[in-house]
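What follows is the content of start-v7.tsv (TSV, C-alpha atoms).
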```
chain	number	residue	atom	x	y	z
A	1	MET	CA	162.98	117.47	89.64
A	2	THR	CA	159.73	119.41	89.74
A	3	THR	CA	159.07	122.98	90.81
A	4	ARG	CA	156.43	124.54	93.03
A	5	ILE	CA	154.84	127.32	91.00
A	6	LEU	CA	152.69	130.26	92.09
A	7	ILE	CA	150.62	132.16	89.50
A	8	CYS	CA	149.49	135.55	90.79
A	9	ASP	CA	146.90	137.37	88.66
A	10	ASP	CA	143.51	138.89	89.38
A	11	SER	CA	142.13	137.53	86.09
A	12	ALA	CA	140.85	133.94	86.00
A	13	LEU	CA	141.48	133.93	82.25
A	14	ALA	CA	145.11	135.00	82.69
A	15	ARG	CA	145.70	132.41	85.42
A	16	LYS	CA	144.34	129.69	83.17
A	17	GLN	CA	146.38	130.83	80.15
A	18	MET	CA	149.56	130.91	82.23
A	19	ALA	CA	148.92	127.45	83.70
A	20	ARG	CA	148.22	126.04	80.23
A	21	ALA	CA	151.56	127.42	78.99
A	22	LEU	CA	153.51	125.28	81.47
A	23	PRO	CA	154.95	121.99	80.18
A	24	SER	CA	153.46	118.82	81.61
A	25	GLY	CA	155.55	117.43	84.47
A	26	LEU	CA	157.26	120.72	85.34
A	27	ALA	CA	155.33	121.40	88.54
A	28	ASP	CA	154.10	119.05	91.23
A	29	THR	CA	152.18	121.97	92.76
A	30	ILE	CA	150.55	124.93	91.02
A	31	LEU	CA	149.12	127.52	93.37
A	32	PHE	CA	147.05	130.57	92.48
A	33	ALA	CA	146.76	134.02	94.06
A	34	HIS	CA	144.17	136.62	93.05
A	35	ASN	CA	146.24	139.60	94.23
A	36	GLY	CA	149.51	140.58	95.85
A	37	VAL	CA	148.28	140.11	99.41
A	38	GLU	CA	147.43	136.44	98.77
A	39	ALA	CA	150.72	135.93	96.96
A	40	LEU	CA	152.80	137.31	99.82
A	41	ASN	CA	151.03	135.08	102.33
A	42	LYS	CA	152.02	132.03	100.28
A	43	LEU	CA	155.58	133.26	99.80
A	44	ARG	CA	156.02	133.88	103.52
A	45	ALA	CA	154.90	130.29	104.10
A	46	HIS	CA	157.57	129.14	101.59
A	47	GLU	CA	155.00	127.41	99.38
A	48	ALA	CA	156.58	128.25	95.99
A	49	ASP	CA	159.94	128.27	94.18
A	50	LEU	CA	158.90	130.24	91.09
A	51	MET	CA	156.25	132.95	90.74
A	52	PHE	CA	154.57	134.32	87.63
A	53	LEU	CA	153.39	137.79	88.67
A	54	ASP	CA	150.93	140.20	87.09
A	55	LEU	CA	151.47	143.94	87.61
A	56	ASN	CA	147.96	145.41	87.54
A	57	MET	CA	145.91	143.96	90.40
A	58	PRO	CA	143.58	145.23	93.16
A	59	GLU	CA	144.60	145.56	96.82
A	60	MET	CA	148.32	145.17	96.10
A	61	ASP	CA	149.83	145.37	92.62
A	62	GLY	CA	152.88	143.58	91.27
A	63	TYR	CA	155.28	146.45	91.94
A	64	GLU	CA	154.33	146.42	95.62
A	65	VAL	CA	154.77	142.63	95.77
A	66	LEU	CA	158.29	142.91	94.35
A	67	GLU	CA	159.11	145.66	96.85
A	68	ARG	CA	157.93	143.47	99.76
A	69	VAL	CA	159.84	140.45	98.45
A	70	LEU	CA	163.02	142.55	98.42
A	71	ALA	CA	162.37	144.13	101.82
A	72	GLU	CA	161.63	140.77	103.48
A	73	ASP	CA	164.28	138.87	101.50
A	74	LEU	CA	161.77	136.18	100.53
A	75	PRO	CA	163.29	133.19	98.64
A	76	ILE	CA	161.41	133.30	95.32
A	77	MET	CA	162.31	133.72	91.63
A	78	THR	CA	159.82	135.96	89.87
A	79	ILE	CA	158.90	136.33	86.22
A	80	VAL	CA	156.52	139.23	85.56
A	81	VAL	CA	153.66	138.51	83.14
A	82	SER	CA	151.90	141.72	82.14
A	83	GLY	CA	149.97	143.60	79.48
A	84	ASP	CA	151.90	146.75	80.43
A	85	ILE	CA	154.76	146.54	77.94
A	86	GLN	CA	156.25	150.02	78.37
A	87	PRO	CA	160.07	149.97	78.40
A	88	GLU	CA	159.98	151.77	81.77
A	89	ALA	CA	157.73	149.04	83.24
A	90	ARG	CA	160.22	146.37	82.20
A	91	GLU	CA	163.12	148.35	83.65
A	92	ARG	CA	161.34	148.97	86.96
A	93	VAL	CA	160.49	145.32	87.60
A	94	ARG	CA	164.07	144.25	86.84
A	95	LYS	CA	165.37	146.78	89.36
A	96	LEU	CA	162.92	145.32	91.89
A	97	GLY	CA	164.33	141.84	91.44
A	98	ALA	CA	162.23	140.18	88.71
A	99	ILE	CA	164.39	137.83	86.67
A	100	ASP	CA	162.45	138.38	83.45
A	101	PHE	CA	159.32	139.75	81.78
A	102	ILE	CA	156.68	138.07	79.57
A	103	LYS	CA	154.10	140.13	77.74
A	104	LYS	CA	150.45	139.07	77.61
A	105	PRO	CA	148.79	137.13	76.11
A	106	THR	CA	151.07	134.30	77.19
A	107	ASP	CA	153.03	132.60	74.42
A	108	LEU	CA	153.95	128.93	75.00
A	109	ALA	CA	157.25	129.16	73.11
A	110	VAL	CA	158.37	132.21	75.10
A	111	VAL	CA	157.51	130.52	78.41
A	112	LEU	CA	159.42	127.34	77.48
A	113	SER	CA	162.44	129.37	76.35
A	114	LEU	CA	162.60	131.33	79.61
A	115	LEU	CA	162.12	128.22	81.74
A	116	ALA	CA	164.99	126.58	79.87
A	117	ASP	CA	167.19	129.69	80.24
A	118	TYR	CA	166.78	129.68	84.01
A	119	GLY	CA	167.20	125.93	84.45
A	120	PHE	CA	163.61	125.01	85.29
A	121	TYR	CA	163.05	123.06	82.07
A	122	ARG	CA	165.22	121.07	79.69
A	123	PRO	CA	163.68	119.87	76.42
A	124	GLY	CA	163.50	116.10	76.50
A	125	ASP	CA	163.39	115.82	80.29
A	126	LEU	CA	159.72	116.73	80.41
A	127	GLU	CA	156.83	116.52	78.03
A	128	SER	CA	156.81	119.66	75.87
A	129	ALA	CA	153.06	119.76	75.63
A	130	ALA	CA	151.26	122.32	77.77
A	131	LEU	CA	149.17	121.21	80.69
A	132	SER	CA	145.57	120.32	79.98
A	133	ASP	CA	142.73	121.30	82.29
A	134	SER	CA	142.52	117.74	83.61
A	135	GLU	CA	146.19	117.84	84.62
A	136	LEU	CA	146.04	121.13	86.45
A	137	ASN	CA	146.45	120.89	90.20
A	138	PRO	CA	144.63	124.01	91.32
A	139	GLY	CA	146.11	123.94	94.82
A	140	ASP	CA	143.85	125.94	97.10
A	141	GLU	CA	141.54	127.11	94.31
A	142	SER	CA	138.68	124.86	93.28
A	143	PRO	CA	138.63	123.63	89.67
A	144	ALA	CA	135.27	125.31	89.13
A	145	GLN	CA	136.71	128.67	90.15
A	146	GLU	CA	139.66	128.31	87.85
A	147	ILE	CA	137.79	127.09	84.79
A	148	SER	CA	134.73	129.33	85.05
A	149	ILE	CA	135.46	132.61	83.26
A	150	SER	CA	132.81	135.30	82.89
A	151	LEU	CA	132.38	137.57	79.89
A	152	ASN	CA	133.35	140.54	82.06
A	153	ASP	CA	136.57	138.82	83.11
A	154	TYR	CA	137.34	137.99	79.48
A	155	LEU	CA	136.79	141.59	78.35
A	156	GLN	CA	138.76	142.97	81.26
A	157	GLU	CA	141.76	140.84	80.37
A	158	ILE	CA	141.77	141.60	76.64
A	159	SER	CA	141.23	145.29	77.52
A	160	ASN	CA	144.20	145.13	79.88
A	161	VAL	CA	146.40	143.79	77.07
A	162	ALA	CA	145.05	146.28	74.52
A	163	MET	CA	145.53	149.17	76.97
A	164	GLY	CA	149.11	148.01	77.43
A	165	ARG	CA	149.70	148.52	73.71
A	166	SER	CA	148.16	152.00	73.67
A	167	SER	CA	150.02	153.01	76.85
A	168	ASP	CA	153.28	151.76	75.34
A	169	LEU	CA	152.75	153.82	72.17
A	170	LEU	CA	151.87	156.92	74.20
A	171	ALA	CA	154.87	156.42	76.49
A	172	ARG	CA	157.28	156.07	73.56
A	173	LEU	CA	155.90	159.10	71.72
A	174	LEU	CA	155.84	161.42	74.74
A	175	ARG	CA	158.77	159.89	76.67
A	176	VAL	CA	156.66	159.52	79.79
A	177	PHE	CA	155.49	156.68	82.01
A	178	VAL	CA	151.78	155.87	81.76
A	179	LYS	CA	150.19	154.45	84.88
A	180	GLN	CA	147.94	151.57	83.89
A	181	PRO	CA	145.00	150.92	86.20
A	182	ILE	CA	142.72	147.90	85.89
A	183	PRO	CA	140.10	148.42	83.14
A	184	LYS	CA	136.51	148.47	84.39
A	185	VAL	CA	133.87	146.47	82.50
A	186	ALA	CA	130.13	146.64	83.09
A	187	PHE	CA	126.75	146.42	81.36
A	188	ILE	CA	125.20	149.85	81.60
A	189	ALA	CA	122.21	151.70	80.15
A	190	ASN	CA	122.82	154.62	77.79
A	191	SER	CA	121.05	156.94	80.23
A	192	GLU	CA	123.55	156.03	82.98
A	193	LEU	CA	126.66	156.30	80.84
A	194	HIS	CA	128.00	159.43	82.51
A	195	MET	CA	128.14	157.52	85.80
A	196	ALA	CA	130.71	155.14	84.30
A	197	ILE	CA	133.45	157.76	84.39
A	198	SER	CA	134.75	157.14	87.88
A	199	ALA	CA	137.66	159.56	87.59
A	200	ALA	CA	135.56	162.54	86.50
A	201	HIS	CA	134.53	165.35	88.82
A	202	ASP	CA	131.18	167.05	88.45
A	203	ARG	CA	132.71	170.51	88.71
A	204	ASP	CA	135.26	169.92	85.95
A	205	THR	CA	134.74	170.44	82.24
A	206	TYR	CA	135.88	168.15	79.46
A	207	SER	CA	136.14	167.94	75.72
A	208	ALA	CA	135.35	164.76	73.83
A	209	VAL	CA	135.89	163.01	70.52
A	210	CYS	CA	134.25	159.78	69.37
A	211	GLN	CA	134.95	157.21	66.68
A	212	GLY	CA	132.82	154.27	65.63
A	213	PHE	CA	134.19	150.83	64.80
A	214	THR	CA	132.81	147.63	63.28
A	215	GLY	CA	134.01	144.10	62.71
A	216	ALA	CA	132.56	140.69	61.94
A	217	GLY	CA	130.05	140.35	64.77
A	218	VAL	CA	131.24	143.36	66.78
A	219	ALA	CA	130.28	147.04	66.65
A	220	GLY	CA	130.66	149.96	68.95
A	221	GLU	CA	132.05	153.38	69.62
A	222	ALA	CA	135.17	154.69	71.34
A	223	LEU	CA	134.98	157.96	73.25
A	224	LEU	CA	137.92	160.00	74.49
A	225	LEU	CA	137.17	162.43	77.32
A	226	PHE	CA	139.94	164.94	77.91
A	227	ALA	CA	140.00	167.28	80.91
A	228	ASP	CA	140.15	170.91	79.76
A	229	ALA	CA	142.71	171.67	82.45
A	230	SER	CA	145.13	169.24	80.74
A	231	PHE	CA	145.22	170.78	77.26
A	232	ARG	CA	148.18	173.14	77.69
A	233	GLU	CA	150.48	170.55	79.25
A	234	MET	CA	149.56	167.95	76.63
A	235	ALA	CA	150.19	170.43	73.81
A	236	LYS	CA	153.62	171.04	75.34
A	237	LEU	CA	154.35	167.30	75.49
A	238	LEU	CA	153.30	166.98	71.84
A	239	HIS	CA	155.77	169.79	70.96
A	240	TYR	CA	153.21	172.14	69.46
A	241	GLU	CA	154.50	175.61	68.61
A	242	THR	CA	151.29	177.18	69.95
A	243	LEU	CA	150.06	175.90	73.32
A	244	GLU	CA	146.67	177.59	73.69
A	245	GLY	CA	143.54	178.24	71.64
A	246	GLU	CA	140.52	176.33	70.38
A	247	SER	CA	142.27	175.08	67.25
A	248	VAL	CA	145.11	173.71	69.41
A	249	ASN	CA	142.62	171.98	71.71
A	250	VAL	CA	140.94	170.26	68.77
A	251	GLU	CA	144.34	169.21	67.43
A	252	VAL	CA	145.23	167.70	70.82
A	253	LEU	CA	141.92	165.79	70.87
A	254	MET	CA	142.46	164.41	67.38
A	255	ASP	CA	146.09	163.46	67.98
A	256	MET	CA	145.30	161.73	71.27
A	257	SER	CA	142.35	159.85	69.80
A	258	SER	CA	144.47	158.74	66.85
A	259	ILE	CA	147.16	157.38	69.21
A	260	LEU	CA	144.88	155.72	71.76
A	261	PHE	CA	141.96	154.53	69.62
A	262	GLY	CA	144.15	153.03	66.93
A	263	ALA	CA	146.47	151.11	69.26
A	264	PHE	CA	143.75	149.96	71.65
A	265	LEU	CA	141.25	148.80	69.01
A	266	LYS	CA	143.95	147.00	67.03
A	267	GLY	CA	145.09	145.28	70.22
A	268	MET	CA	141.52	144.24	71.00
A	269	GLY	CA	140.90	143.10	67.42
A	270	ASP	CA	144.08	141.02	67.34
A	271	GLN	CA	142.97	139.11	70.44
A	272	LEU	CA	139.47	138.60	69.04
A	273	ASP	CA	141.02	137.46	65.74
A	274	LEU	CA	139.18	140.06	63.67
A	275	LYS	CA	139.95	143.28	61.85
A	276	LEU	CA	138.09	146.29	63.18
A	277	GLY	CA	137.21	149.00	60.69
A	278	LEU	CA	137.28	152.55	62.07
A	279	GLY	CA	134.92	155.36	61.14
A	280	HIS	CA	135.88	159.03	61.02
A	281	PRO	CA	136.51	160.68	64.40
A	282	SER	CA	134.26	163.57	65.34
A	283	VAL	CA	134.29	166.10	68.16
A	284	LEU	CA	131.30	165.59	70.47
A	285	GLY	CA	131.72	168.86	72.31
A	286	GLN	CA	134.14	171.10	74.14
A	287	HIS	CA	134.36	172.59	77.62
A	288	ARG	CA	131.29	170.85	78.97
A	289	GLN	CA	130.48	168.55	81.87
A	290	ILE	CA	130.52	164.79	81.33
A	291	ALA	CA	126.73	164.36	81.44
A	292	ASP	CA	126.29	166.98	78.71
A	293	LEU	CA	128.94	165.43	76.48
A	294	LEU	CA	127.30	162.01	76.70
A	295	GLU	CA	123.77	163.31	76.15
A	296	HIS	CA	123.75	162.04	72.56
A	297	GLN	CA	123.77	158.47	73.92
A	298	SER	CA	120.93	158.81	76.45
A	299	SER	CA	118.12	158.78	73.88
A	300	ARG	CA	119.04	155.29	72.66
A	301	ASP	CA	117.18	152.50	74.45
A	302	GLU	CA	119.98	149.98	74.68
A	303	GLN	CA	122.25	148.27	77.15
A	304	LEU	CA	125.93	148.71	76.39
A	305	LEU	CA	129.01	146.78	77.37
A	306	CYS	CA	131.12	149.61	78.71
A	307	ILE	CA	134.90	149.42	79.13
A	308	GLU	CA	136.41	152.32	81.06
A	309	LEU	CA	140.11	153.10	80.75
A	310	SER	CA	141.85	155.90	82.61
A	311	TYR	CA	145.21	157.14	81.34
A	312	THR	CA	147.39	158.99	83.86
A	313	LEU	CA	150.86	160.26	83.03
A	314	GLU	CA	153.26	160.00	85.94
A	315	ASP	CA	154.32	163.38	87.37
A	316	ARG	CA	152.01	165.18	84.93
A	317	ASP	CA	148.72	166.89	85.66
A	318	ILE	CA	146.93	165.26	82.75
A	319	GLN	CA	143.61	163.42	82.92
A	320	CYS	CA	142.36	161.42	79.97
A	321	ASP	CA	139.60	158.80	80.03
A	322	MET	CA	138.47	156.47	77.28
A	323	LEU	CA	135.19	154.61	77.03
A	324	VAL	CA	134.80	151.68	74.64
A	325	LEU	CA	131.10	150.98	74.16
A	326	LEU	CA	130.10	147.65	72.62
A	327	THR	CA	126.54	147.14	71.40
A	328	GLU	CA	124.20	144.47	72.72
A	329	ASP	CA	124.44	142.77	69.32
A	330	SER	CA	128.16	142.20	69.94
A	331	VAL	CA	127.55	139.98	72.98
A	332	PRO	CA	126.84	136.68	71.11
A	333	PHE	CA	130.11	136.97	69.17
A	334	LEU	CA	132.09	137.76	72.33
A	335	GLU	CA	130.53	134.83	74.18
A	336	GLN	CA	131.39	132.56	71.26
A	337	ARG	CA	135.03	133.70	71.35
A	338	LEU	CA	135.14	133.14	75.10
A	339	GLN	CA	133.74	129.63	74.73
A	340	TYR	CA	136.29	128.81	72.04
A	341	LEU	CA	139.12	130.10	74.23
A	342	THR	CA	138.11	128.14	77.33
A	343	ASP	CA	137.24	124.82	75.66
```

Can you turn what I pasted into C-alpha cells?
Amino acid sequence: MTTRILICDDSALARKQMARALPSGLADTILFAHNGVEALNKLRAHEADLMFLDLNMPEMDGYEVLERVLAEDLPIMTIVVSGDIQPEARERVRKLGAIDFIKKPTDLAVVLSLLADYGFYRPGDLESAALSDSELNPGDESPAQEISISLNDYLQEISNVAMGRSSDLLARLLRVFVKQPIPKVAFIANSELHMAISAAHDRDTYSAVCQGFTGAGVAGEALLLFADASFREMAKLLHYETLEGESVNVEVLMDMSSILFGAFLKGMGDQLDLKLGLGHPSVLGQHRQIADLLEHQSSRDEQLLCIELSYTLEDRDIQCDMLVLLTEDSVPFLEQRLQYLTD
C-alpha cells in the first residue's frame, strides 16, 4: 500500500534531498509546497497522508503550520525536517503534534528507520533504494523547477543547517531559545556591504569582530556585529562577575565570536566536505555605526557572496548579526560542489 506524501520546504535543494531519501515504491504521489500557506491548502484538500515539514520558511513557518493543523483538526501525520536542532525546537514541535523530528541534511538511514517505526515502510516490501530523479513524481511542480537549484539556494540551505548548529550551541550554553530566521544570500559589492545588514538601525551603534577563514577552494571572512545596547544583558547571560566596562565588552565580543564562528564555519565546512582553517579574530571597532565598522571593506574592488544571519534570543533584548563573506574566487568551487550534489 502506497502513501501520499507532501514535502514542505522553501528550499529546492531540501525538497530534492528529502524526495531522494524516500524508498522507491513508497509513494504513488509526492507533492511539494514552498511554504506553509501552500501546504495548508493541500492538507485542507486532503491530498496527503504524511508530511515532511521544514520549520524556517517565508509567509508561514512550520510552527504556524502545526498550530493550524491542530486548530483545524486536519488528518495528517507530520515529521519535522529542520536545521534548527535546539532541544527546545524539538520539544515545541512535539507539543504541536509532530510525530518525530529529522535534522538536516537528510540521512537516508534515519528516514527509513522512522518510516518503519510508524508503519509506512517495511524492509523487503519495497525497494530500499532511494528514488532517482527519473522516478520522482513532482505532482504540481514541474520537473525543471524541482531539479534546477541555484547557487544562492544551495548556500541558503547549507547556511540554514550551519546556523542550526551554532544556534544549538548558543542555546545550550546560555539556556535560552534562539529564533532562527531564514539566512539571506546575495552577491554584493564591498562598497554596499553595510546595506546587507537588514536588522540594523542607522541610529544605533555596534561593535564588531572579524575572523578570516580558508579552505581548499574557499576563502572569506566572518564578521560579528553586536549591538552596544545588548552588552550588559549578554554579559549577565554569560555569568560574568563584572557586567560593564570596555574590557567586558571585548570579552563578550570574543566569546560570542568563538561560539558562533566556530560552530557555523564547521557546519558549513562539513557540508562542503572540507576543513576550514580559521585565522585570529580581531576587533574591527567599538561603539560605531554599521557603515563605519565596515569601511575597511569598501576600498576593495570585489564582489562578495554575502550570507547574513541574525541571531535573536527569545524574551531577551539582544541583537547580534553575523556576515559570512565569501570571495569571488570561491564561486567556482561552490558551483562544482553544487553540480556534484545535484547530478

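Pairwise distance (atom CA of Leu169 of chain A, atom CA of Ser207 of chain A) equals 22.1 Å.
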
- Taking into account only C-alpha atoms, which residue in the set A:Ser330, A:Thr29, A:Asn160, A:Asn152 is nearest to Arg4 of chain A? A:Thr29

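Residues surrounding His34 of chain A within 6 Å are Cys8, Asp9 and Asp10 of chain A [all atoms listed in the file; sequence separation below 4 positions excluded].
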
- Determine, counting all atoms listed in the file, which protein, DNA and RNA residues have an atom within 7 Å of an atom of segment 102-115 of chain A; residues of the same chain fewer than 5 positions away are not included. Present the result as a PyMOL selection string. chain A and resi 17-18+21+80-83+85+120-121+161

Those same residues - C-alpha atoms - I'd like them written as a CSV table (one decimal), keeping the file's coordinate frame.
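Full text of out_35.csv as output:
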```
chain,number,residue,atom,x,y,z
A,17,GLN,CA,146.4,130.8,80.2
A,18,MET,CA,149.6,130.9,82.2
A,21,ALA,CA,151.6,127.4,79.0
A,80,VAL,CA,156.5,139.2,85.6
A,81,VAL,CA,153.7,138.5,83.1
A,82,SER,CA,151.9,141.7,82.1
A,83,GLY,CA,150.0,143.6,79.5
A,85,ILE,CA,154.8,146.5,77.9
A,120,PHE,CA,163.6,125.0,85.3
A,121,TYR,CA,163.0,123.1,82.1
A,161,VAL,CA,146.4,143.8,77.1
```

- Item | Exercise: Ala33 of chain A partners within 12 Å, all atoms listed in the file, chain neighbours under 6 positions left out, as a VMD selection string | chain A and resid 5 to 12 14 to 16 39 to 43 47 to 48 51 to 54 57 to 58 60 to 62 65 138 to 141 146

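Compared by their closest atoms to Ile318 of chain A, and using all atoms listed in the file, the residues A:Val178, A:Ala227, A:Ala19, A:Ala98 rank with A:Ala227 nearest.
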
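Atom CA of Ala208 of chain A lies 19.2 Å from atom CA of Leu237 of chain A.
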
- Message: So that I can check the surroundings of segment 262-266 of chain A, please list as a PyMOL selection string every protein, DNA and RNA residue that reaches within 10 Å of it, counting all atoms listed in the file and ignoring chain neighbours fewer than 6 positions away.
- Response: chain A and resi 158-170+213+222+256+272+274-278+324

For the residues in that selection, give me C-alpha atoms as a PDB file, in the coordinates of the input.
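Written file, again11.pdb:
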```pdb
ATOM      1  CA  ILE A 158     141.770 141.600  76.640  1.00  0.00           C
ATOM      2  CA  SER A 159     141.230 145.290  77.520  1.00  0.00           C
ATOM      3  CA  ASN A 160     144.200 145.130  79.880  1.00  0.00           C
ATOM      4  CA  VAL A 161     146.400 143.790  77.070  1.00  0.00           C
ATOM      5  CA  ALA A 162     145.050 146.280  74.520  1.00  0.00           C
ATOM      6  CA  MET A 163     145.530 149.170  76.970  1.00  0.00           C
ATOM      7  CA  GLY A 164     149.110 148.010  77.430  1.00  0.00           C
ATOM      8  CA  ARG A 165     149.700 148.520  73.710  1.00  0.00           C
ATOM      9  CA  SER A 166     148.160 152.000  73.670  1.00  0.00           C
ATOM     10  CA  SER A 167     150.020 153.010  76.850  1.00  0.00           C
ATOM     11  CA  ASP A 168     153.280 151.760  75.340  1.00  0.00           C
ATOM     12  CA  LEU A 169     152.750 153.820  72.170  1.00  0.00           C
ATOM     13  CA  LEU A 170     151.870 156.920  74.200  1.00  0.00           C
ATOM     14  CA  PHE A 213     134.190 150.830  64.800  1.00  0.00           C
ATOM     15  CA  ALA A 222     135.170 154.690  71.340  1.00  0.00           C
ATOM     16  CA  MET A 256     145.300 161.730  71.270  1.00  0.00           C
ATOM     17  CA  LEU A 272     139.470 138.600  69.040  1.00  0.00           C
ATOM     18  CA  LEU A 274     139.180 140.060  63.670  1.00  0.00           C
ATOM     19  CA  LYS A 275     139.950 143.280  61.850  1.00  0.00           C
ATOM     20  CA  LEU A 276     138.090 146.290  63.180  1.00  0.00           C
ATOM     21  CA  GLY A 277     137.210 149.000  60.690  1.00  0.00           C
ATOM     22  CA  LEU A 278     137.280 152.550  62.070  1.00  0.00           C
ATOM     23  CA  VAL A 324     134.800 151.680  74.640  1.00  0.00           C
TER      24      VAL A 324
END
```

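The space separating atom CA of Met268 of chain A from atom CA of Leu151 of chain A comes to 14.4 Å.
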